[in-house]
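Below is my_file_32.csv, holding CSV, N, CA and C atoms.
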```
chain,number,residue,atom,x,y,z
A,252,MET,N,112.5,20.0,-37.2
A,252,MET,CA,111.5,19.4,-38.1
A,252,MET,C,111.5,20.3,-39.3
A,253,SER,N,111.6,19.6,-40.5
A,253,SER,CA,111.6,20.4,-41.7
A,253,SER,C,110.2,20.9,-42.1
A,254,THR,N,110.2,21.8,-43.0
A,254,THR,CA,108.9,22.3,-43.5
A,254,THR,C,108.0,21.2,-44.0
A,255,THR,N,108.6,20.3,-44.7
A,255,THR,CA,107.8,19.1,-45.3
A,255,THR,C,107.3,18.3,-44.1
A,256,ASP,N,108.1,18.0,-43.1
A,256,ASP,CA,107.6,17.2,-42.0
A,256,ASP,C,106.5,17.9,-41.2
A,257,CYS,N,106.6,19.2,-41.1
A,257,CYS,CA,105.5,20.0,-40.4
A,257,CYS,C,104.2,19.9,-41.2
A,258,ARG,N,104.3,20.0,-42.6
A,258,ARG,CA,103.2,20.0,-43.4
A,258,ARG,C,102.5,18.6,-43.3
A,259,HIS,N,103.3,17.5,-43.3
A,259,HIS,CA,102.7,16.2,-43.2
A,259,HIS,C,102.1,16.0,-41.9
A,260,HIS,N,102.7,16.5,-40.8
A,260,HIS,CA,102.2,16.4,-39.5
A,260,HIS,C,100.8,17.1,-39.4
A,261,HIS,N,100.7,18.3,-40.0
A,261,HIS,CA,99.5,19.1,-40.0
A,261,HIS,C,98.4,18.3,-40.8
A,262,GLU,N,98.8,17.8,-41.9
A,262,GLU,CA,97.8,17.0,-42.8
A,262,GLU,C,97.3,15.8,-42.0
A,263,ASP,N,98.2,15.1,-41.3
A,263,ASP,CA,97.9,13.9,-40.6
A,263,ASP,C,96.9,14.3,-39.5
A,264,ARG,N,97.1,15.4,-38.8
A,264,ARG,CA,96.2,15.8,-37.7
A,264,ARG,C,94.9,16.2,-38.3
A,265,GLU,N,94.8,16.9,-39.4
A,265,GLU,CA,93.6,17.3,-40.0
A,265,GLU,C,92.8,16.0,-40.5
A,266,SER,N,93.5,15.1,-41.0
A,266,SER,CA,92.9,13.8,-41.4
A,266,SER,C,92.3,13.1,-40.2
A,267,SER,N,93.0,13.0,-39.1
A,267,SER,CA,92.5,12.4,-37.9
A,267,SER,C,91.3,13.1,-37.4
A,268,GLU,N,91.3,14.4,-37.4
A,268,GLU,CA,90.1,15.2,-37.0
A,268,GLU,C,88.9,14.9,-37.8
A,269,ARG,N,89.1,14.9,-39.2
A,269,ARG,CA,88.0,14.6,-40.1
A,269,ARG,C,87.5,13.2,-39.8
A,270,ALA,N,88.3,12.2,-39.5
A,270,ALA,CA,87.9,10.9,-39.2
A,270,ALA,C,87.0,10.8,-38.0
A,271,VAL,N,87.4,11.6,-36.9
A,271,VAL,CA,86.6,11.6,-35.7
A,271,VAL,C,85.3,12.3,-36.0
A,272,GLU,N,85.3,13.3,-36.7
A,272,GLU,CA,84.0,14.0,-37.1
A,272,GLU,C,83.1,13.1,-37.9
A,273,ARG,N,83.7,12.4,-38.8
A,273,ARG,CA,82.9,11.4,-39.7
A,273,ARG,C,82.4,10.3,-38.8
A,274,SER,N,83.2,9.8,-37.9
A,274,SER,CA,82.7,8.7,-37.0
A,274,SER,C,81.6,9.2,-36.1
A,275,ALA,N,81.6,10.4,-35.6
A,275,ALA,CA,80.5,10.9,-34.8
A,275,ALA,C,79.3,11.1,-35.6
A,276,SER,N,79.5,11.6,-36.8
A,276,SER,CA,78.4,11.8,-37.7
A,276,SER,C,77.7,10.5,-38.1
A,277,GLU,N,78.5,9.4,-38.3
A,277,GLU,CA,78.0,8.1,-38.7
A,277,GLU,C,77.3,7.5,-37.5
A,278,GLU,N,77.8,7.7,-36.3
A,278,GLU,CA,77.1,7.2,-35.1
A,278,GLU,C,75.7,7.9,-34.9
A,279,GLN,N,75.7,9.2,-35.2
A,279,GLN,CA,74.4,9.9,-35.2
A,279,GLN,C,73.4,9.4,-36.2
A,280,ARG,N,73.9,9.1,-37.4
A,280,ARG,CA,73.0,8.6,-38.4
A,280,ARG,C,72.5,7.2,-38.0
A,281,ASP,N,73.4,6.3,-37.5
A,281,ASP,CA,73.0,5.0,-37.1
A,281,ASP,C,72.0,5.1,-36.0
A,282,SER,N,72.2,6.0,-35.0
A,282,SER,CA,71.3,6.1,-33.9
A,282,SER,C,69.9,6.6,-34.5
A,283,SER,N,69.9,7.6,-35.4
A,283,SER,CA,68.7,8.1,-36.0
A,283,SER,C,67.9,7.0,-36.6
A,284,VAL,N,68.6,6.1,-37.4
A,284,VAL,CA,67.8,5.0,-38.0
A,284,VAL,C,67.2,4.1,-37.0
A,285,LEU,N,68.0,3.7,-36.0
A,285,LEU,CA,67.5,2.8,-35.0
A,285,LEU,C,66.3,3.5,-34.2
A,286,ASN,N,66.5,4.7,-33.9
A,286,ASN,CA,65.4,5.4,-33.1
A,286,ASN,C,64.1,5.5,-34.0
A,287,LEU,N,64.2,5.7,-35.2
A,287,LEU,CA,63.1,5.7,-36.1
A,287,LEU,C,62.4,4.3,-36.1
A,288,LEU,N,63.2,3.3,-36.2
A,288,LEU,CA,62.6,1.9,-36.2
A,288,LEU,C,61.9,1.6,-34.9
A,289,PHE,N,62.5,2.1,-33.8
A,289,PHE,CA,61.9,1.8,-32.5
A,289,PHE,C,60.7,2.7,-32.2
A,290,CYS,N,60.6,3.9,-32.7
A,290,CYS,CA,59.5,4.8,-32.5
A,290,CYS,C,58.2,4.3,-33.1
A,291,ASN,N,58.3,3.6,-34.2
A,291,ASN,CA,57.1,3.1,-34.8
A,291,ASN,C,57.3,1.6,-34.9
A,292,ALA,N,56.7,0.8,-34.1
A,292,ALA,CA,56.9,-0.6,-34.0
A,292,ALA,C,56.3,-1.4,-35.2
A,293,SER,N,55.8,-0.7,-36.2
A,293,SER,CA,55.3,-1.5,-37.4
A,293,SER,C,56.4,-1.6,-38.4
A,294,TRP,N,56.9,-2.8,-38.4
A,294,TRP,CA,58.0,-3.1,-39.3
A,294,TRP,C,57.5,-4.0,-40.4
A,295,PRO,N,58.2,-4.2,-41.5
A,295,PRO,CA,59.5,-3.6,-41.8
A,295,PRO,C,59.3,-2.2,-42.5
A,296,TRP,N,60.4,-1.4,-42.5
A,296,TRP,CA,60.5,-0.2,-43.2
A,296,TRP,C,61.3,-0.4,-44.4
A,297,SER,N,61.0,0.3,-45.5
A,297,SER,CA,62.0,0.2,-46.6
A,297,SER,C,63.1,1.2,-46.4
A,298,VAL,N,64.2,1.0,-47.0
A,298,VAL,CA,65.3,1.9,-46.9
A,298,VAL,C,64.9,3.3,-47.4
A,299,ALA,N,64.1,3.3,-48.5
A,299,ALA,CA,63.7,4.5,-49.1
A,299,ALA,C,62.8,5.3,-48.1
A,300,GLU,N,61.9,4.6,-47.4
A,300,GLU,CA,61.0,5.2,-46.4
A,300,GLU,C,61.9,5.9,-45.3
A,301,ILE,N,62.9,5.1,-44.8
A,301,ILE,CA,63.7,5.7,-43.8
A,301,ILE,C,64.5,6.9,-44.3
A,302,ALA,N,65.0,6.8,-45.5
A,302,ALA,CA,65.7,8.0,-46.1
A,302,ALA,C,64.8,9.2,-46.2
A,303,ARG,N,63.6,9.0,-46.7
A,303,ARG,CA,62.7,10.1,-46.8
A,303,ARG,C,62.4,10.7,-45.4
A,304,GLU,N,62.1,9.9,-44.4
A,304,GLU,CA,61.8,10.4,-43.1
A,304,GLU,C,63.0,11.2,-42.5
A,305,LEU,N,64.2,10.7,-42.7
A,305,LEU,CA,65.4,11.3,-42.2
A,305,LEU,C,66.0,12.4,-43.1
A,306,GLN,N,65.4,12.4,-44.3
A,306,GLN,CA,65.9,13.4,-45.4
A,306,GLN,C,67.4,13.2,-45.6
A,307,ASP,N,67.8,12.0,-45.8
A,307,ASP,CA,69.3,11.7,-46.0
A,307,ASP,C,69.4,10.4,-46.7
A,308,GLN,N,69.4,10.4,-48.0
A,308,GLN,CA,69.5,9.2,-48.8
A,308,GLN,C,70.8,8.4,-48.6
A,309,ASP,N,71.9,9.1,-48.9
A,309,ASP,CA,73.2,8.4,-48.9
A,309,ASP,C,73.5,8.0,-47.4
A,310,GLY,N,73.3,8.9,-46.5
A,310,GLY,CA,73.6,8.6,-45.1
A,310,GLY,C,72.8,7.4,-44.6
A,311,THR,N,71.5,7.3,-45.0
A,311,THR,CA,70.7,6.2,-44.6
A,311,THR,C,71.2,4.9,-45.1
A,312,VAL,N,71.5,4.9,-46.4
A,312,VAL,CA,72.0,3.6,-47.0
A,312,VAL,C,73.2,3.1,-46.3
A,313,ASP,N,74.2,4.0,-46.0
A,313,ASP,CA,75.4,3.7,-45.3
A,313,ASP,C,75.1,3.2,-43.8
A,314,ALA,N,74.2,3.9,-43.2
A,314,ALA,CA,73.8,3.6,-41.8
A,314,ALA,C,73.2,2.2,-41.7
A,315,VAL,N,72.3,1.9,-42.7
A,315,VAL,CA,71.7,0.6,-42.7
A,315,VAL,C,72.7,-0.5,-42.9
A,316,ALA,N,73.7,-0.2,-43.8
A,316,ALA,CA,74.7,-1.2,-44.0
A,316,ALA,C,75.6,-1.4,-42.8
A,317,ARG,N,75.9,-0.4,-42.1
A,317,ARG,CA,76.7,-0.5,-40.8
A,317,ARG,C,75.9,-1.3,-39.8
A,318,LEU,N,74.6,-0.9,-39.6
A,318,LEU,CA,73.7,-1.6,-38.6
A,318,LEU,C,73.5,-3.0,-38.9
A,319,THR,N,73.4,-3.4,-40.2
A,319,THR,CA,73.3,-4.8,-40.6
A,319,THR,C,74.5,-5.5,-40.3
A,320,GLU,N,75.7,-4.9,-40.6
A,320,GLU,CA,77.0,-5.6,-40.3
A,320,GLU,C,77.2,-5.8,-38.8
A,321,ALA,N,76.7,-4.8,-38.0
A,321,ALA,CA,76.8,-4.9,-36.6
A,321,ALA,C,75.8,-5.9,-36.0
A,322,GLY,N,74.8,-6.4,-36.8
A,322,GLY,CA,73.8,-7.3,-36.2
A,322,GLY,C,72.7,-6.7,-35.5
A,323,LEU,N,72.5,-5.4,-35.8
A,323,LEU,CA,71.4,-4.6,-35.1
A,323,LEU,C,70.1,-4.5,-35.9
A,324,VAL,N,70.2,-4.7,-37.2
A,324,VAL,CA,69.0,-4.8,-38.1
A,324,VAL,C,69.2,-5.9,-39.0
A,325,HIS,N,68.0,-6.5,-39.4
A,325,HIS,CA,68.0,-7.4,-40.5
A,325,HIS,C,67.6,-6.7,-41.8
A,326,ARG,N,68.1,-7.1,-42.9
A,326,ARG,CA,67.8,-6.5,-44.1
A,326,ARG,C,67.3,-7.6,-45.1
A,327,LEU,N,66.1,-7.5,-45.6
A,327,LEU,CA,65.5,-8.4,-46.5
A,327,LEU,C,65.2,-7.6,-47.8
A,328,GLY,N,66.1,-7.6,-48.8
A,328,GLY,CA,65.9,-6.8,-50.0
A,328,GLY,C,66.0,-5.3,-49.6
A,329,GLU,N,65.0,-4.6,-49.9
A,329,GLU,CA,64.9,-3.2,-49.5
A,329,GLU,C,64.3,-2.9,-48.1
A,330,PHE,N,63.9,-4.0,-47.5
A,330,PHE,CA,63.2,-3.8,-46.2
A,330,PHE,C,64.2,-4.1,-45.0
A,331,VAL,N,63.9,-3.3,-43.9
A,331,VAL,CA,64.8,-3.3,-42.7
A,331,VAL,C,63.9,-3.4,-41.5
A,332,PHE,N,64.4,-4.2,-40.5
A,332,PHE,CA,63.7,-4.3,-39.2
A,332,PHE,C,64.7,-4.7,-38.2
A,333,PRO,N,64.5,-4.2,-37.0
A,333,PRO,CA,65.5,-4.4,-35.9
A,333,PRO,C,65.6,-5.9,-35.5
A,334,THR,N,66.8,-6.3,-35.2
A,334,THR,CA,67.0,-7.7,-34.7
A,334,THR,C,66.3,-7.9,-33.3
A,335,ARG,N,66.1,-9.1,-32.9
A,335,ARG,CA,65.6,-9.4,-31.6
A,335,ARG,C,66.5,-8.8,-30.5
A,336,THR,N,67.8,-8.9,-30.7
A,336,THR,CA,68.7,-8.4,-29.7
A,336,THR,C,68.6,-6.9,-29.6
A,337,ALA,N,68.5,-6.2,-30.7
A,337,ALA,CA,68.4,-4.8,-30.7
A,337,ALA,C,67.1,-4.4,-30.0
A,338,ARG,N,66.0,-5.1,-30.3
A,338,ARG,CA,64.7,-4.8,-29.7
A,338,ARG,C,64.8,-4.9,-28.2
A,339,ARG,N,65.4,-6.0,-27.7
A,339,ARG,CA,65.6,-6.3,-26.3
A,339,ARG,C,66.5,-5.3,-25.6
A,340,ALA,N,67.6,-4.9,-26.3
A,340,ALA,CA,68.4,-3.9,-25.7
A,340,ALA,C,67.7,-2.5,-25.6
A,341,ASN,N,66.8,-2.2,-26.6
A,341,ASN,CA,66.0,-1.0,-26.5
A,341,ASN,C,65.0,-1.1,-25.3
A,342,GLU,N,64.4,-2.3,-25.1
A,342,GLU,CA,63.5,-2.4,-24.0
A,342,GLU,C,64.2,-2.2,-22.7
A,343,LEU,N,65.4,-2.7,-22.6
A,343,LEU,CA,66.2,-2.5,-21.3
A,343,LEU,C,66.8,-1.2,-21.2
A,344,GLY,N,66.8,-0.4,-22.2
A,344,GLY,CA,67.4,0.9,-22.1
A,344,GLY,C,68.9,0.9,-22.3
A,345,VAL,N,69.4,-0.2,-22.8
A,345,VAL,CA,70.9,-0.3,-23.0
A,345,VAL,C,71.3,0.8,-24.0
A,346,GLY,N,72.3,1.5,-23.6
A,346,GLY,CA,72.9,2.5,-24.5
A,346,GLY,C,72.2,3.9,-24.4
A,347,SER,N,71.1,3.9,-23.6
A,347,SER,CA,70.4,5.2,-23.5
A,347,SER,C,70.9,6.0,-22.3
A,348,VAL,N,70.8,7.3,-22.4
A,348,VAL,CA,71.3,8.1,-21.3
A,348,VAL,C,70.2,8.4,-20.3
```
Mind converting the file's structure to structure tokens?
Amino acid sequence: MSTTDCRHHHEDRESSERAVERSASEEQRDSSVLNLLFCNASWPWSVAEIARELQDQDGTVDAVARLTEAGLVHRLGEFVFPTRTARRANELGVGSV
């Protein structure tokens, strides 16, 4: 294997490791947003309120977008609330340890 091949292999491995770390971090943010919504059953929350509570503006915006795309939260303008399916899964303890 040439020096160039080794360097590319090393860069690819580092890139994969960063992607795994980013994915775990994203899952933690998504979980934090959902947990916050379920801890206080008075909905809706604004994205800004969630971000203030979690002290993470950019991460919260991205998490809300992912959760909306996954069908776990509804978003109405700046307001967010869990979907009926997410609420029922939470009641049943689906996904909890």
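Here the question is which of A:Cys290, A:Val284, A:Ala314, A:Val298 gets nearest to Val331 of chain A using only C-alpha atoms, and that residue is A:Val298.
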Contacts of Val324 of chain A at 12 Å or less, counting only C-alpha atoms, minus same-chain residues fewer than 5 places along, as a list in words?
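Near Val324 of chain A, the qualifying residues are Asp281, Ser282, Val284, Leu285, Asn286, Leu288, Phe289, Trp294, Pro295, Trp296, Val298, Ala314, Val315, Ala316, Arg317, Leu318, Thr319, Phe330, Val331, Phe332, Pro333, Thr334, Arg335, Thr336, Ala337 and Arg338 of chain A.
Atom C of Ala292 of chain A to atom N of Ala275 of chain A spans 27.9 Å [interatomic distance, one decimal].
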Just give me the gap between atom CA of Leu323 of chain A and atom C of Arg339 of chain A in Å, one decimal is fine.
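Here the two named atoms are 10.7 Å from each other.
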Atom N of Ile301 of chain A to atom C of Ala340 of chain A, distance in Å rounded to a single decimal
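Atom C of Ala340 of chain A lies at a distance of 21.2 Å from atom N of Ile301 of chain A.
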